[in-house]
Every structure is written in C-alpha cells, then in structure tokens.
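**Student:** Structure file final_15.cif (mmCIF, C-alpha atoms) right here:
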data_query
#
loop_
_atom_site.label_atom_id
_atom_site.label_comp_id
_atom_site.auth_asym_id
_atom_site.auth_seq_id
_atom_site.Cartn_x
_atom_site.Cartn_y
_atom_site.Cartn_z
CA MET A 1 -54.26 57.51 -40.82
CA PHE A 2 -56.45 55.02 -38.95
CA GLY A 3 -59.36 55.73 -41.30
CA PHE A 4 -57.16 55.02 -44.33
CA LYS A 5 -55.97 51.75 -42.80
CA LYS A 6 -59.54 50.69 -42.05
CA ARG A 7 -60.72 51.46 -45.60
CA ARG A 8 -57.76 49.59 -47.09
CA ARG A 9 -58.46 46.56 -44.93
CA ASN A 10 -62.15 46.64 -45.84
CA ARG A 11 -61.19 46.58 -49.50
CA LEU A 12 -58.89 43.63 -48.92
CA VAL A 13 -61.48 41.46 -47.18
CA ALA A 14 -64.10 42.36 -49.78
CA GLN A 15 -62.03 40.46 -52.34
CA GLN A 16 -62.69 36.76 -52.87
CA PHE A 17 -60.32 34.51 -50.98
CA PRO A 18 -58.08 32.92 -53.64
CA ASP A 19 -58.79 29.29 -54.47
CA GLU A 20 -55.05 28.63 -54.56
CA TRP A 21 -54.76 29.81 -50.97
CA MET A 22 -57.58 27.48 -49.91
CA GLU A 23 -55.71 24.58 -51.49
CA ILE A 24 -52.61 25.51 -49.49
CA ILE A 25 -54.62 25.62 -46.27
CA GLY A 26 -56.13 22.24 -47.12
CA ARG A 27 -52.65 20.75 -47.53
CA ASN A 28 -50.78 22.46 -44.72
CA MET A 29 -53.29 23.30 -42.01
CA PRO A 30 -55.32 20.37 -40.65
CA PHE A 31 -56.25 22.59 -37.68
CA TYR A 32 -58.43 24.63 -40.07
CA ARG A 33 -60.85 21.72 -40.48
CA LEU A 34 -61.62 21.77 -36.75
CA LEU A 35 -62.87 25.35 -36.83
CA PRO A 36 -66.56 26.25 -37.21
CA GLU A 37 -67.46 27.78 -40.56
CA ALA A 38 -67.77 31.28 -39.07
CA ASP A 39 -64.25 31.02 -37.66
CA GLN A 40 -62.93 29.77 -40.99
CA LYS A 41 -64.37 32.84 -42.73
CA GLU A 42 -62.95 35.15 -40.08
CA LEU A 43 -59.56 33.49 -40.41
CA GLN A 44 -59.61 33.99 -44.18
CA ARG A 45 -60.15 37.72 -43.69
CA HIS A 46 -57.29 37.89 -41.21
CA ILE A 47 -54.99 36.06 -43.61
CA GLN A 48 -55.73 38.52 -46.42
CA ILE A 49 -54.85 41.50 -44.25
CA PHE A 50 -51.81 39.85 -42.64
CA ILE A 51 -50.22 38.92 -45.96
CA ALA A 52 -50.87 42.38 -47.40
CA GLU A 53 -49.30 44.17 -44.42
CA LYS A 54 -46.33 42.00 -43.45
CA ARG A 55 -43.14 41.54 -45.42
CA PHE A 56 -41.84 38.00 -45.89
CA GLU A 57 -38.15 37.51 -46.65
CA GLY A 58 -36.37 34.27 -47.52
CA CYS A 59 -33.05 33.50 -45.84
CA GLY A 60 -30.41 30.88 -46.53
CA GLY A 61 -31.38 30.68 -50.21
CA LEU A 62 -35.11 30.12 -49.62
CA LYS A 63 -37.48 31.69 -52.15
CA ILE A 64 -40.71 32.98 -50.62
CA THR A 65 -43.86 31.48 -52.18
CA ASP A 66 -47.58 31.81 -51.57
CA GLU A 67 -47.44 28.44 -49.81
CA ILE A 68 -45.00 29.80 -47.26
CA LYS A 69 -46.91 33.04 -46.74
CA VAL A 70 -50.36 31.48 -46.46
CA THR A 71 -49.26 28.64 -44.17
CA ILE A 72 -47.51 30.98 -41.73
CA ALA A 73 -50.20 33.67 -41.88
CA ALA A 74 -52.99 31.16 -41.28
CA HIS A 75 -51.43 29.80 -38.11
CA ALA A 76 -50.40 33.24 -36.84
CA CYS A 77 -53.95 34.53 -37.32
CA VAL A 78 -55.55 31.67 -35.36
CA LEU A 79 -54.31 33.55 -32.29
CA LEU A 80 -56.33 36.61 -33.40
CA LEU A 81 -59.75 34.98 -33.77
CA HIS A 82 -62.68 36.42 -31.80
CA ARG A 83 -60.82 39.52 -30.75
CA ARG A 84 -60.34 43.08 -31.88
CA THR A 85 -56.83 43.27 -33.26
CA ASP A 86 -54.38 45.45 -35.12
CA TYR A 87 -52.55 42.42 -36.55
CA TYR A 88 -49.36 42.37 -34.51
CA PRO A 89 -48.68 46.07 -35.11
CA GLY A 90 -45.11 45.88 -33.82
CA LEU A 91 -44.28 43.16 -36.35
CA HIS A 92 -43.01 44.12 -39.81
CA TYR A 93 -40.89 41.22 -41.12
CA ILE A 94 -41.19 37.44 -41.17
CA LEU A 95 -37.79 35.94 -41.99
CA VAL A 96 -37.94 32.33 -43.16
CA TYR A 97 -35.07 29.84 -43.40
CA PRO A 98 -35.45 26.57 -45.31
CA ARG A 99 -34.70 24.53 -42.18
CA SER A 100 -33.37 24.95 -38.65
CA TYR A 101 -30.63 27.55 -38.59
CA VAL A 102 -27.62 28.44 -36.50
CA ALA A 103 -27.51 31.73 -34.59
CA PRO A 104 -24.90 33.09 -32.18
CA ARG A 105 -25.66 32.42 -28.54
CA VAL A 106 -24.30 34.47 -25.66
CA PRO A 107 -25.95 33.22 -22.45
CA LYS A 108 -25.02 34.72 -19.11
CA LEU A 109 -24.43 32.22 -16.36
CA VAL A 110 -24.33 32.60 -12.59
CA GLY A 111 -21.60 34.99 -11.52
CA GLY A 112 -21.68 36.96 -14.75
CA ILE A 113 -19.85 34.30 -16.76
CA VAL A 114 -20.58 34.51 -20.51
CA VAL A 115 -20.41 31.44 -22.76
CA GLU A 116 -20.38 32.07 -26.49
CA GLY A 117 -21.24 29.48 -29.10
CA PRO A 118 -23.62 28.44 -31.89
CA ASP A 119 -27.29 27.75 -31.17
CA VAL A 120 -29.50 25.71 -33.53
CA ARG A 121 -32.97 27.25 -33.69
CA LEU A 122 -36.40 26.47 -35.12
CA GLY A 123 -37.65 30.01 -34.72
CA GLU A 124 -37.44 33.14 -32.64
CA SER A 125 -39.40 36.30 -31.99
CA TRP A 126 -37.72 39.69 -31.77
CA HIS A 127 -39.31 42.56 -29.91
CA ARG A 128 -38.09 44.97 -32.60
CA GLY A 129 -40.36 43.96 -35.43
CA SER A 130 -39.37 40.49 -36.70
CA VAL A 131 -40.23 36.83 -36.37
CA VAL A 132 -37.76 34.22 -37.66
CA LEU A 133 -38.98 30.75 -38.64
CA SER A 134 -37.69 27.51 -40.12
CA TRP A 135 -39.99 26.52 -43.00
CA ASP A 136 -39.28 22.82 -42.56
CA ASN A 137 -40.31 23.01 -38.91
CA VAL A 138 -43.36 25.15 -39.69
CA ARG A 139 -44.69 22.41 -41.96
CA ARG A 140 -43.71 19.58 -39.63
CA SER A 141 -45.23 21.10 -36.50
CA ALA A 142 -48.41 22.11 -38.35
CA ALA A 143 -48.96 18.59 -39.71
CA ASP A 144 -49.60 17.02 -36.27
CA ILE A 145 -52.30 19.05 -34.53
CA HIS A 146 -52.26 16.97 -31.34
CA ASP A 147 -48.58 16.84 -30.39
CA GLY A 148 -48.59 20.15 -28.49
CA HIS A 149 -45.88 21.70 -30.65
CA ASN A 150 -46.41 24.40 -33.25
CA VAL A 151 -43.55 26.79 -33.94
CA VAL A 152 -45.82 29.49 -35.42
CA PHE A 153 -48.18 29.45 -32.44
CA HIS A 154 -45.13 29.63 -30.18
CA GLU A 155 -43.35 32.55 -31.82
CA PHE A 156 -46.48 34.60 -32.42
CA ALA A 157 -47.55 34.10 -28.82
CA HIS A 158 -44.29 35.90 -28.01
CA GLN A 159 -45.39 38.74 -30.26
CA LEU A 160 -48.65 39.09 -28.34
CA ASP A 161 -46.83 38.85 -25.03
CA SER A 162 -44.12 41.38 -25.84
CA THR A 163 -43.84 45.14 -25.97
CA GLY A 164 -43.10 44.63 -29.65
CA ALA A 165 -46.80 43.93 -30.13
CA ARG A 166 -47.60 47.40 -28.76
CA GLY A 167 -50.53 46.31 -26.71
CA ASP A 168 -52.25 44.04 -29.23
CA SER A 169 -53.44 41.88 -26.31
CA THR A 170 -54.77 44.71 -24.14
CA PRO A 171 -58.37 44.55 -25.43
CA VAL A 172 -58.54 41.08 -23.86
CA ILE A 173 -56.91 41.91 -20.53
CA LYS A 174 -59.45 44.65 -19.93
CA ASP A 175 -58.91 45.79 -16.38
CA HIS A 176 -56.67 45.56 -13.34
CA SER A 177 -58.61 42.77 -11.63
CA THR A 178 -58.54 40.64 -14.80
CA TYR A 179 -54.80 41.17 -15.09
CA ILE A 180 -54.23 40.25 -11.44
CA ALA A 181 -56.08 36.95 -11.90
CA TRP A 182 -54.17 36.27 -15.12
CA ALA A 183 -50.79 36.98 -13.49
CA ARG A 184 -51.58 34.91 -10.39
CA ILE A 185 -52.51 31.77 -12.34
CA MET A 186 -49.60 32.16 -14.75
CA GLU A 187 -47.13 32.54 -11.89
CA LYS A 188 -48.58 29.57 -10.01
CA ASP A 189 -48.35 27.18 -12.95
CA PHE A 190 -44.99 28.55 -14.05
CA LYS A 191 -43.50 27.95 -10.60
CA LYS A 192 -44.98 24.43 -10.53
CA LEU A 193 -43.38 23.64 -13.88
CA ARG A 194 -40.02 24.93 -12.65
CA ARG A 195 -40.27 22.76 -9.52
CA ASP A 196 -41.19 19.67 -11.54
CA VAL A 197 -38.35 20.24 -13.99
CA SER A 198 -35.83 20.77 -11.19
CA ARG A 199 -36.95 17.44 -9.66
CA ASN A 200 -36.80 15.64 -13.02
CA SER A 201 -40.51 14.89 -12.71
CA ASP A 202 -42.65 14.16 -15.75
CA THR A 203 -44.46 17.27 -17.00
CA PHE A 204 -47.37 17.77 -19.37
CA LEU A 205 -46.17 21.21 -20.44
CA ASP A 206 -42.87 21.21 -22.32
CA GLU A 207 -40.02 21.78 -19.89
CA TYR A 208 -38.77 24.61 -22.12
CA GLY A 209 -41.57 26.64 -20.58
CA ALA A 210 -39.63 26.64 -17.32
CA VAL A 211 -36.95 28.91 -18.82
CA ASN A 212 -38.87 32.12 -18.07
CA PRO A 213 -42.48 33.41 -17.94
CA ALA A 214 -42.43 34.43 -21.62
CA GLU A 215 -41.50 30.92 -22.72
CA PHE A 216 -44.10 29.50 -20.35
CA PHE A 217 -46.83 31.57 -22.03
CA ALA A 218 -45.67 30.48 -25.50
CA VAL A 219 -45.54 26.79 -24.50
CA ALA A 220 -48.96 27.06 -22.83
CA THR A 221 -50.33 28.60 -26.03
CA GLU A 222 -49.13 25.63 -28.07
CA CYS A 223 -50.88 23.20 -25.71
CA PHE A 224 -54.00 25.35 -25.50
CA PHE A 225 -54.60 24.96 -29.23
CA GLU A 226 -53.13 21.49 -29.81
CA LYS A 227 -53.87 19.64 -26.55
CA PRO A 228 -56.79 21.61 -25.14
CA LYS A 229 -58.64 18.76 -23.42
CA GLU A 230 -55.50 17.58 -21.64
CA LEU A 231 -54.59 21.13 -20.61
CA GLN A 232 -58.12 21.68 -19.30
CA GLU A 233 -57.96 18.47 -17.26
CA LEU A 234 -54.45 18.88 -15.86
CA HIS A 235 -54.28 22.68 -15.56
CA PRO A 236 -57.92 23.86 -15.33
CA ASP A 237 -57.16 27.33 -13.97
CA LEU A 238 -54.51 27.92 -16.62
CA TYR A 239 -56.87 26.71 -19.34
CA ASN A 240 -59.58 29.13 -18.20
CA GLU A 241 -57.16 32.06 -18.25
CA MET A 242 -55.96 31.12 -21.71
CA LYS A 243 -59.57 30.80 -22.84
CA ASN A 244 -60.31 34.28 -21.55
CA PHE A 245 -57.19 35.68 -23.17
CA TYR A 246 -57.72 34.14 -26.60
CA GLN A 247 -61.52 34.34 -26.48
CA GLN A 248 -61.62 30.76 -27.75
CA ASP A 249 -62.49 27.35 -26.29
CA PRO A 250 -60.65 24.75 -28.40
CA ALA A 251 -61.54 21.92 -26.00
CA LYS A 252 -65.04 22.08 -27.49
CA LEU A 253 -63.91 21.80 -31.11
#
For this file, produce the structure as structure tokens.
**Tutor:**
Amino acid sequence: MFGFKKRRRNRLVAQQFPDEWMEIIGRNMPFYRLLPEADQKELQRHIQIFIAEKRFEGCGGLKITDEIKVTIAAHACVLLLHRRTDYYPGLHYILVYPRSYVAPRVPKLVGGIVVEGPDVRLGESWHRGSVVLSWDNVRRSAADIHDGHNVVFHEFAHQLDSTGARGDSTPVIKDHSTYIAWARIMEKDFKKLRRDVSRNSDTFLDEYGAVNPAEFFAVATECFFEKPKELQELHPDLYNEMKNFYQQDPAKL
C-alpha cells in the first residue's frame, strides 16, 4: 500500500505545475515570494499531492474552485516544508464556507454549568478528519503577511498538534529529550501568556492563545511565520523550539 502511494505521488510531482495555479499563488499568497527558489519548488510539489489527496467541499452555497483549493493547499503545505511528511494523514476533508459561519457552542463553565448558544467562527480543526474554513477570512488573512494572523496556518497547526494527524509531527520531535525541551518551553511561555492576559497586560502573542496549550501552539505558529523577527526577539526560546519543530527559520527570509 505504501509503495503504491509513493509511486502515485511521484507521478503527480513529475507533472508540470499548472500555470493557472501559479497565477493563483501570485494573487493570493504574498508569503510565497519570500521563500527561496528551492522552497518554492518543494511547496509546488506538496500542493500537487495535497490537492490530489484531500477532498474539498463547499458549504453555505460556495462552489469550490481551483483558486480556493490552491490558496488553501499552498498555505497548509508551508507547514510541511523541510520535513518528511505524510500530508496530514488524519485529514480527509476541507470544508469551506463563503464567509464566517455560525456553529453551535456548548461551553462548560465552572461548576459544570453549560451555556448553549451560537458561535461565529472563522475556522476550526476537527480531530476526526476535517478542517473547516471561511474563504473570505482565508483570503483576508493571507493578504497581510506581517499581521500575525493566518487562519490556514492556525487550523493546520492544530492538525499537526492533534492525534488526528496520526503522528505527522513525530519525525521532527525525534526523541524524549527533544520532547522534554519542547514541552518545557511551550509550558513556560503558555503560562506567561495566561498571566499577562489575566492581568490585562499587553501581549505580543494573541490572547486567544491563553485558552489552552493547543490554541497557544496554533497562535505561536501564526506569529512564527508572519512575525518571526518579533517572536525571535520577544520569545527567543519559543522561537528556537518552533524553528526546530518546523525545520525553518523565517526570521532570515
């Protein structure tokens, strides 16, 4: 089975990258222009495989186009550069709404109290094989590569960080000592963000990262790629751990 998958992927990347897809990247992915040529070529190969293996579905009346698929795939695959990967193997569907959407919310409060109500969302990542995105917010967050917000980076960081990814990040966290260092730095900076938020102090990292460690990792991923120099200056240990994890050094781009 693995041999068949490898041969199929080799056939895919042997094909010329479509000119129409390059035009889409030129319009919708300014981050692409920062990458060295070798990384651009690697990213193209990843995009070809990602689009062939994942199923995109439009929601709320949205019709899926190549522009939607290529824009989302390109940003999702930035997280896979320089690493051995099986392309988010736990992920099967990308559900795309035309704009922010309303989903039921059932948060549990202190004492077991449950409050039900609508929740407006830009995206979400499910551990059981799906990512949900708002196309309007995908385009908007991709357009500004220095604001520290990118909904695709955020939701696909969750895929890497979850059991739904079935270990797609394990080739990077190679051994117990590496994991211990990773966990220690993540916990330290996560706790600092929670303290700052509780004191209403200004924070560099988005305060949404204080919700839980998974959101902290996703928020840190957004800043790692979109505000790398600032992250390196203000959170040097965190930056180094993210650099080791992603096998990239965007502060040098």
**Student:** Which protein, DNA or RNA residues are at most 6 Å from (-36.8, 30.4, -44.4) in the file's coordinates when you count all atoms listed in the file, listed as a list in words?
**Tutor:**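 Every polymer residue passing the test: Gly58, Cys59, Leu62, Val96, Tyr97, Pro98, Ser134 and Trp135 of chain A.
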**Student:** Given the file shown, determine the residues that the PyMOL selection byres ((chain A and resi 238-247) around 10) selects; report them as a ChimeraX atom specification.
**Tutor:** /A:78-83,169-174,178-179,181-190,217,220-221,223-225,228-237,248-251
**Student:** Assuming the chain letters and numbering stay as they are in my file, what does the PyMOL selection byres ((chain A and resi 46-50) around 8) actually select? List them as a list in words.
**Tutor:** Arg9, Leu12, Val13, Phe17, Glu42, Leu43, Gln44, Arg45, Ile51, Ala52, Glu53, Lys54, Val70, Ala73, Ala74, Cys77, Leu80 and Tyr87 of chain A
**Student:** Need to verify the contact set: Gly129 (chain A), 6 Å, all atoms listed in the file, exclusion of same-chain residues closer than 3 positions in sequence. Can you return it as a PyMOL selection string?
**Tutor:** chain A and resi 90-92
**Student:** Any chance you could work out the axis-aligned box around region 64-78 of chain A, listed atoms only, 6 Å on each side, giving centre and edge lengths in Å to one decimal, as AutoDock Vina command-line options?
**Tutor:**
--center_x -48.1 --center_y 31.5 --center_z -43.8 --size_x 26.8 --size_y 18.1 --size_z 28.8
**Student:** Separation of CA of Ser201 (chain A) and CA of Asn150 (chain A), in Å?
**Tutor:**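 Interatomic distance here is 23.4 Å.
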**Student:** What is the distance, in Å and to one decimal place, between CA of Trp21 (chain A) and CA of Asp66 (chain A)?
**Tutor:** 7.5 Å
**Student:** Please evaluate the PyMOL selection byres ((chain A and resi 71) around 9) against the structure above and give the resulting residues as a compact mmCIF listing (two decimals) with C-alpha atoms, in the frame of the given file.
**Tutor:**
# COMPACT_ATOMS: atom_id res chain seq x y z
CA TRP A 21 -54.76 29.81 -50.97
CA ILE A 24 -52.61 25.51 -49.49
CA ILE A 25 -54.62 25.62 -46.27
CA ASN A 28 -50.78 22.46 -44.72
CA MET A 29 -53.29 23.30 -42.01
CA ASP A 66 -47.58 31.81 -51.57
CA GLU A 67 -47.44 28.44 -49.81
CA ILE A 68 -45.00 29.80 -47.26
CA LYS A 69 -46.91 33.04 -46.74
CA VAL A 70 -50.36 31.48 -46.46
CA ILE A 72 -47.51 30.98 -41.73
CA ALA A 73 -50.20 33.67 -41.88
CA ALA A 74 -52.99 31.16 -41.28
CA HIS A 75 -51.43 29.80 -38.11
CA ALA A 76 -50.40 33.24 -36.84
CA VAL A 138 -43.36 25.15 -39.69
CA ARG A 139 -44.69 22.41 -41.96
CA ALA A 142 -48.41 22.11 -38.35
**Student:** How many Å lie between CA of His149 (chain A) and CA of Asp86 (chain A), rounded to one decimal?
**Tutor:**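 According to the coordinates, CA of His149 (chain A) and CA of Asp86 (chain A) are separated by 25.6 Å.
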**Student:** Residues within 7 Å of Gly148 (chain A), please, as a PyMOL selection string. Count only C-alpha atoms; anything in the same chain fewer than 6 positions from it doesn't count.
**Tutor:** chain A and resi 222-223+226-227
**Student:** Determine the nearest neighbour of Ile94 (chain A) from the options A:Glu155, A:Asn10, A:Leu35, A:Ser141, counting only C-alpha atoms.
**Tutor:** A:Glu155
**Student:** Measuring atom to atom with only C-alpha atoms, identify which of A:Gln15, A:Arg84, A:Ser130, A:Pro36 is nearest to Phe56 (chain A).
**Tutor:**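 The closest residue to Phe56 (chain A) is A:Ser130.
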**Student:** Need the shell around His158 (chain A): protein/DNA/RNA residues with any atom at most 8 Å away, counting all atoms listed in the file. Skip same-chain ones fewer than 4 positions apart. Format as a PyMOL selection string?
**Tutor:** chain A and resi 125+154+162+214-215+217-218
**Student:** Could you write out the selected residues, including C-alpha atoms, as a compact mmCIF listing (two decimals), in the coordinates of the input?
**Tutor:**
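Resulting contents of part-v8.txt:
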# COMPACT_ATOMS: atom_id res chain seq x y z
CA SER A 125 -39.40 36.30 -31.99
CA HIS A 154 -45.13 29.63 -30.18
CA SER A 162 -44.12 41.38 -25.84
CA ALA A 214 -42.43 34.43 -21.62
CA GLU A 215 -41.50 30.92 -22.72
CA PHE A 217 -46.83 31.57 -22.03
CA ALA A 218 -45.67 30.48 -25.50
**Student:** Could you pull region 9-22 of chain A out of the block above and save it with N, CA and C atoms, as a PDB file, in the first residue's frame?
**Tutor:**
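Okay, this is what ended up in selection.pdb:
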ATOM      1  N   ARG A   9       2.392   9.401  -5.871  1.00  0.00           N
ATOM      2  CA  ARG A   9       2.875  10.741  -5.561  1.00  0.00           C
ATOM      3  C   ARG A   9       4.021  11.135  -6.483  1.00  0.00           C
ATOM      4  N   ASN A  10       4.893  10.201  -6.798  1.00  0.00           N
ATOM      5  CA  ASN A  10       5.994  10.504  -7.719  1.00  0.00           C
ATOM      6  C   ASN A  10       5.457  10.893  -9.095  1.00  0.00           C
ATOM      7  N   ARG A  11       4.400  10.231  -9.520  1.00  0.00           N
ATOM      8  CA  ARG A  11       3.798  10.578 -10.805  1.00  0.00           C
ATOM      9  C   ARG A  11       3.186  11.980 -10.762  1.00  0.00           C
ATOM     10  N   LEU A  12       2.578  12.306  -9.638  1.00  0.00           N
ATOM     11  CA  LEU A  12       1.962  13.630  -9.506  1.00  0.00           C
ATOM     12  C   LEU A  12       2.997  14.746  -9.602  1.00  0.00           C
ATOM     13  N   VAL A  13       4.090  14.615  -8.865  1.00  0.00           N
ATOM     14  CA  VAL A  13       5.080  15.692  -8.837  1.00  0.00           C
ATOM     15  C   VAL A  13       5.924  15.726 -10.104  1.00  0.00           C
ATOM     16  N   ALA A  14       5.862  14.664 -10.906  1.00  0.00           N
ATOM     17  CA  ALA A  14       6.570  14.669 -12.188  1.00  0.00           C
ATOM     18  C   ALA A  14       5.850  15.524 -13.217  1.00  0.00           C
ATOM     19  N   GLN A  15       4.580  15.810 -12.974  1.00  0.00           N
ATOM     20  CA  GLN A  15       3.804  16.639 -13.884  1.00  0.00           C
ATOM     21  C   GLN A  15       4.177  18.107 -13.705  1.00  0.00           C
ATOM     22  N   GLN A  16       4.072  18.872 -14.762  1.00  0.00           N
ATOM     23  CA  GLN A  16       4.365  20.302 -14.691  1.00  0.00           C
ATOM     24  C   GLN A  16       3.335  20.998 -13.811  1.00  0.00           C
ATOM     25  N   PHE A  17       3.809  21.893 -12.978  1.00  0.00           N
ATOM     26  CA  PHE A  17       2.913  22.662 -12.129  1.00  0.00           C
ATOM     27  C   PHE A  17       2.093  23.596 -13.012  1.00  0.00           C
ATOM     28  N   PRO A  18       0.774  23.552 -12.921  1.00  0.00           N
ATOM     29  CA  PRO A  18      -0.066  24.329 -13.853  1.00  0.00           C
ATOM     30  C   PRO A  18       0.185  25.837 -13.768  1.00  0.00           C
ATOM     31  N   ASP A  19       0.246  26.469 -14.922  1.00  0.00           N
ATOM     32  CA  ASP A  19       0.431  27.923 -14.958  1.00  0.00           C
ATOM     33  C   ASP A  19      -0.708  28.642 -14.247  1.00  0.00           C
ATOM     34  N   GLU A  20      -1.919  28.106 -14.384  1.00  0.00           N
ATOM     35  CA  GLU A  20      -3.068  28.740 -13.725  1.00  0.00           C
ATOM     36  C   GLU A  20      -2.907  28.736 -12.213  1.00  0.00           C
ATOM     37  N   TRP A  21      -2.326  27.668 -11.690  1.00  0.00           N
ATOM     38  CA  TRP A  21      -2.101  27.595 -10.243  1.00  0.00           C
ATOM     39  C   TRP A  21      -1.053  28.614  -9.811  1.00  0.00           C
ATOM     40  N   MET A  22      -0.022  28.809 -10.647  1.00  0.00           N
ATOM     41  CA  MET A  22       0.985  29.805 -10.304  1.00  0.00           C
ATOM     42  C   MET A  22       0.375  31.200 -10.282  1.00  0.00           C
TER      43      MET A  22
END
